[in-house]
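Notes follow once the structure below has been shown.
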Amino acid sequence: MDNVLSIKDIRKDYGKFHVLKGVSLDIPRGAIFGLVGRNGAGKTTLMRIITGLAEPKSGTYSIGGILNTDRKILNNRRRMGSIIESPAVYRNLSAYDNIKLQYINLGMTSFDDIPELLELVDLQGTGKKKAGKFSLGMKQRLGIAVALCGKPDILVLDEPINGLDPQGIIQMREILLRINHERHTTILISSHILEELSKLATHYAFIEKGEILQTLSSVELMSKVRKASRLHVTSTELLCPVFDREGIEYKVEDDSLMDIFSDVTASKIVNLATSAGVEVISIADNNESLEGYFMNLVAKKDGIS
Amino acid sequence: MICALKSSLYRFVRTGLLAKFLIFSVIAGVLIVFRCSLEFLRIMPFQTPRYIDNEFVIEAVMSLLYVVPFTMAVFSTLFSGNEVSFRAVNNKIATGIPRSAIFLSDFIVTICSTLIMLCIQIGIIFAYAKNTGVKNGVRFNKQIIMITVCVALGCLAFAAFDEFIQFLCSNKIIALIILLATIPALSLGGESMAEKLNEPYRYSYVDEETGETFWKLNKSYIGGTPRKVLEFFSDGSLYSYQYIDSDDSRKDVITVSSGVFILSAAAGIATIKKKEFS
């Protein structure tokens, strides 16, 4: 699989603060690449650099094989659409005019595709309504439409579902999946809402304090996340010594809930609980979430450093 | 560059800014003429004579030094300020349009708009001055033409400075406050410089007992190189009004205005090239 975007050892400082400490990433063509990190981890700075809004201190990146140090990069930037932090649209223009303006920026002379683009992001009925009067969800979708002008190879989206209501999040997810499937557009997306990201991404990169902790595909992630069973019992306190004795790995949530990470059968759990005088109310699958996986990664890094 | 310019022009038209700007230019031009007419024609009841001459034209043209910079400060905020504040400039950068082209396209539209406004308002002033049905002593001589050129260049320098500040500040309201404050600051600065230059080298005082007259050096007098520098800026200031009568002062105004224009354009390009947009 070829890479539509390659990042090599990018570093960026703001004063004495090292925001990016040698970030390297390869974004495969056709992927939905989730960039996962906490606030201040360097996600937005990295995206600002690859979209040309900021300059790296050192390191390079290439879009479609052209290095950022090459003047031809300006042409290749046309192959990239982006939304950084919030949609950059003219609030005093309609959705149609905003898109047409981006067409003009790209040097396009035919505007026949605009209705199709408006329909893709479900803004076809907005008419002359100014973007300033749009809801946040509509503005985000307009931002996506503007980013999609010229059918780019890659979309760079920084927190595109921030502030959206549940319906808006679902709508945005459907649009992004459609863009990826129908237009084969590669998407680099960051989000705080990791559960939502896990419904989209085919690849992940975990970033913390300006460093990439790990990159992996969603298949690899699924094989790595810890499988767990959520146990609902009458007393976790009485059960813990029994599990400790048996060498079963667990995590207590509260007086009646606990997660068991070891590969233990349900009947063995029930037997052990009965021997401890504890009643089992329910057992259910509770595999580790993307959030949990990320937090474990961060905890390991903090432990090392 | 062509794409960026087309984009700026499209936005200028589609946002309705062009229409509003033209309407405002005409209304402001008429109001300038009306205000000056009150003074020169004495059209208020029971006041005579009803007569205008070159003084009327000079007064009206000089009024543009307040009207045009004020208007262009607001215009640049609504045009370039919006582009930076709405972060729509990010779309242009991410599209691969060279940063200098982004600045220059907005700069060209703003400068052309300033010229349009100047043409409209000067046109209204000249047309009224020549065609008013009263005793008319208006003669379009070299003095009027040169003053008009100085005022026009000054307004263009203001417009160029407006664009530089809009791209320097990420917040359009802060940019607008800076720009609006610049106008009275330069006006007061011009007066202050003139006051300092008018300080006498020495002054006399009379001893009350002997009745003898003595001379004392004035400590506030500025001499030497500082005086030459101050004279240059005072003569070059649009608000010094010395260039109404002095050819040398007009040259200084043209030099300073052209300098501000070129420096603002250069500073604007340097700013956008270095600026990290959020």
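Identifiers for the structure tokens are assigned positionally: chains receive A, B, ... in sequence, residues are indexed from 1 per chain, and ligands are indexed from 1 in the order shown.
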Subject >> chain B contacts to chain A at 12 Å (only C-alpha atoms) as an MDAnalysis selection string >> reply: chainID B and resid 1:17 78:99 101:102 105 272:278
Subject >> Who sits within 12 Å of Gly292 (chain A), only C-alpha atoms, same chain under 5 positions skipped, as a ChimeraX atom specification >> reply: /A:194-195,198,221,224-228,286-287,297-299
Among the residues of region 147-243 of chain B, find those DSSP assigns to helix (DSSP H, G or I) from the backbone and print them as a short mmCIF file (atom, residue, chain, number, x, y, z; two decimals) with N, CA and C atoms, in the first residue's frame.
```cif
data_model
loop_
_atom_site.label_atom_id
_atom_site.label_comp_id
_atom_site.auth_asym_id
_atom_site.auth_seq_id
_atom_site.Cartn_x
_atom_site.Cartn_y
_atom_site.Cartn_z
N ILE B 147 -2.26 69.47 -3.90
CA ILE B 147 -2.86 69.12 -2.60
C ILE B 147 -3.70 67.85 -2.74
N THR B 148 -4.42 67.78 -3.84
CA THR B 148 -5.24 66.58 -4.08
C THR B 148 -4.36 65.34 -4.21
N VAL B 149 -3.23 65.48 -4.93
CA VAL B 149 -2.30 64.35 -5.07
C VAL B 149 -1.75 63.94 -3.71
N CYS B 150 -1.38 64.94 -2.89
CA CYS B 150 -0.83 64.65 -1.55
C CYS B 150 -1.87 63.92 -0.71
N VAL B 151 -3.10 64.42 -0.72
CA VAL B 151 -4.17 63.80 0.08
C VAL B 151 -4.43 62.37 -0.42
N ALA B 152 -4.48 62.20 -1.73
CA ALA B 152 -4.74 60.87 -2.30
C ALA B 152 -3.63 59.90 -1.91
N LEU B 153 -2.37 60.35 -2.02
CA LEU B 153 -1.24 59.48 -1.66
C LEU B 153 -1.28 59.15 -0.17
N GLY B 154 -1.64 60.13 0.63
CA GLY B 154 -1.75 59.91 2.08
C GLY B 154 -2.82 58.87 2.38
N CYS B 155 -3.95 58.97 1.71
CA CYS B 155 -5.04 58.00 1.93
C CYS B 155 -4.61 56.60 1.49
N LEU B 156 -3.88 56.52 0.39
CA LEU B 156 -3.40 55.21 -0.08
C LEU B 156 -2.39 54.62 0.92
N ALA B 157 -1.57 55.50 1.50
CA ALA B 157 -0.61 55.03 2.52
C ALA B 157 -1.37 54.48 3.72
N PHE B 158 -2.43 55.19 4.11
CA PHE B 158 -3.27 54.70 5.22
C PHE B 158 -3.83 53.32 4.89
N ALA B 159 -4.35 53.18 3.67
CA ALA B 159 -4.97 51.91 3.26
C ALA B 159 -3.95 50.77 3.29
N ALA B 160 -2.73 51.08 2.82
CA ALA B 160 -1.67 50.06 2.83
C ALA B 160 -1.34 49.66 4.26
N PHE B 161 -1.27 50.66 5.14
CA PHE B 161 -0.99 50.41 6.55
C PHE B 161 -2.12 49.57 7.17
N ASP B 162 -3.36 49.87 6.79
CA ASP B 162 -4.52 49.10 7.29
C ASP B 162 -4.35 47.63 6.97
N GLU B 163 -3.97 47.33 5.75
CA GLU B 163 -3.83 45.94 5.32
C GLU B 163 -2.72 45.23 6.12
N PHE B 164 -1.63 45.94 6.32
CA PHE B 164 -0.52 45.35 7.09
C PHE B 164 -0.99 45.01 8.50
N ILE B 165 -1.70 45.93 9.14
CA ILE B 165 -2.16 45.69 10.52
C ILE B 165 -3.17 44.55 10.56
N GLN B 166 -4.05 44.46 9.57
CA GLN B 166 -5.05 43.38 9.57
C GLN B 166 -4.39 42.01 9.49
N PHE B 167 -3.30 41.92 8.74
CA PHE B 167 -2.62 40.62 8.64
C PHE B 167 -1.67 40.38 9.82
N LEU B 168 -1.30 41.48 10.48
CA LEU B 168 -0.42 41.35 11.65
C LEU B 168 -1.22 40.84 12.85
N LYS B 172 -9.61 40.92 14.51
CA LYS B 172 -9.95 42.09 13.69
C LYS B 172 -10.38 43.31 14.52
N ILE B 173 -10.95 43.05 15.69
CA ILE B 173 -11.40 44.17 16.54
C ILE B 173 -10.19 44.94 17.08
N ILE B 174 -9.16 44.18 17.50
CA ILE B 174 -7.94 44.84 17.98
C ILE B 174 -7.32 45.63 16.84
N ALA B 175 -7.31 45.02 15.65
CA ALA B 175 -6.75 45.70 14.48
C ALA B 175 -7.52 46.99 14.20
N LEU B 176 -8.84 46.92 14.29
CA LEU B 176 -9.67 48.10 14.00
C LEU B 176 -9.38 49.21 15.01
N ILE B 177 -9.27 48.82 16.27
CA ILE B 177 -9.00 49.83 17.32
C ILE B 177 -7.65 50.51 17.04
N ILE B 178 -6.65 49.71 16.69
CA ILE B 178 -5.31 50.28 16.39
C ILE B 178 -5.42 51.27 15.23
N LEU B 179 -6.14 50.84 14.18
CA LEU B 179 -6.23 51.68 12.98
C LEU B 179 -7.00 52.97 13.24
N LEU B 180 -8.09 52.85 13.98
CA LEU B 180 -8.89 54.06 14.26
C LEU B 180 -8.11 55.01 15.17
N ALA B 181 -7.32 54.43 16.08
CA ALA B 181 -6.54 55.27 17.00
C ALA B 181 -5.40 55.97 16.27
N THR B 182 -4.94 55.37 15.17
CA THR B 182 -3.82 55.95 14.41
C THR B 182 -4.18 57.33 13.83
N ILE B 183 -5.45 57.47 13.42
CA ILE B 183 -5.85 58.72 12.75
C ILE B 183 -5.74 59.92 13.70
N PRO B 184 -6.41 59.90 14.88
CA PRO B 184 -6.23 61.05 15.79
C PRO B 184 -4.80 61.15 16.32
N ALA B 185 -4.12 60.00 16.47
CA ALA B 185 -2.74 60.04 16.98
C ALA B 185 -1.84 60.80 16.01
N LEU B 186 -2.00 60.53 14.72
CA LEU B 186 -1.19 61.25 13.72
C LEU B 186 -1.58 62.71 13.64
N SER B 187 -2.89 62.96 13.77
CA SER B 187 -3.36 64.35 13.72
C SER B 187 -2.80 65.15 14.89
N LEU B 188 -2.89 64.56 16.10
CA LEU B 188 -2.36 65.25 17.28
C LEU B 188 -0.85 65.33 17.23
N GLY B 189 -0.24 64.25 16.69
CA GLY B 189 1.21 64.23 16.55
C GLY B 189 1.69 65.34 15.63
N GLY B 190 0.97 65.58 14.57
CA GLY B 190 1.31 66.65 13.63
C GLY B 190 1.26 68.01 14.31
N GLU B 191 0.21 68.20 15.09
CA GLU B 191 0.07 69.48 15.82
C GLU B 191 1.18 69.65 16.83
N SER B 192 1.48 68.53 17.54
CA SER B 192 2.51 68.58 18.58
C SER B 192 3.87 68.91 17.97
N MET B 193 4.16 68.29 16.80
CA MET B 193 5.45 68.55 16.14
C MET B 193 5.54 70.02 15.72
N ALA B 194 4.42 70.51 15.18
CA ALA B 194 4.40 71.90 14.73
C ALA B 194 4.62 72.84 15.91
N GLU B 195 4.02 72.52 17.05
CA GLU B 195 4.17 73.34 18.26
C GLU B 195 5.61 73.37 18.71
N LYS B 196 6.24 72.18 18.71
CA LYS B 196 7.65 72.09 19.15
C LYS B 196 8.57 72.89 18.22
N LEU B 197 8.28 72.82 16.92
CA LEU B 197 9.11 73.53 15.95
C LEU B 197 8.91 75.04 16.03
N GLY B 224 19.72 71.55 15.71
CA GLY B 224 20.62 70.53 15.14
C GLY B 224 19.88 69.47 14.34
N THR B 225 20.45 68.26 14.40
CA THR B 225 19.88 67.15 13.63
C THR B 225 18.45 66.80 14.07
N PRO B 226 18.19 66.76 15.41
CA PRO B 226 16.81 66.45 15.82
C PRO B 226 15.79 67.39 15.17
N ARG B 227 16.20 68.67 14.99
CA ARG B 227 15.27 69.62 14.36
C ARG B 227 15.01 69.25 12.90
N LYS B 228 16.12 68.84 12.23
CA LYS B 228 15.96 68.48 10.81
C LYS B 228 15.04 67.27 10.65
N VAL B 229 15.22 66.30 11.55
CA VAL B 229 14.39 65.09 11.50
C VAL B 229 12.93 65.46 11.76
N LEU B 230 12.76 66.28 12.82
CA LEU B 230 11.40 66.68 13.20
C LEU B 230 10.74 67.50 12.08
N GLU B 231 11.54 68.35 11.46
CA GLU B 231 11.01 69.18 10.35
C GLU B 231 10.56 68.30 9.18
N PHE B 232 11.38 67.26 8.93
CA PHE B 232 11.04 66.36 7.81
C PHE B 232 9.69 65.68 8.08
N PHE B 233 9.55 65.15 9.30
CA PHE B 233 8.30 64.45 9.61
C PHE B 233 7.13 65.41 9.74
N SER B 234 7.41 66.60 10.25
CA SER B 234 6.34 67.59 10.37
C SER B 234 5.87 68.03 8.98
N ASP B 235 6.84 68.29 8.12
CA ASP B 235 6.49 68.70 6.75
C ASP B 235 5.82 67.54 6.01
N GLY B 236 6.28 66.33 6.35
CA GLY B 236 5.74 65.16 5.65
C GLY B 236 4.41 64.69 6.22
N GLN B 242 0.97 72.19 6.33
CA GLN B 242 1.95 73.15 5.79
C GLN B 242 2.05 73.03 4.27
N TYR B 243 1.69 71.86 3.77
CA TYR B 243 1.87 71.65 2.33
C TYR B 243 0.83 72.36 1.49
#
```
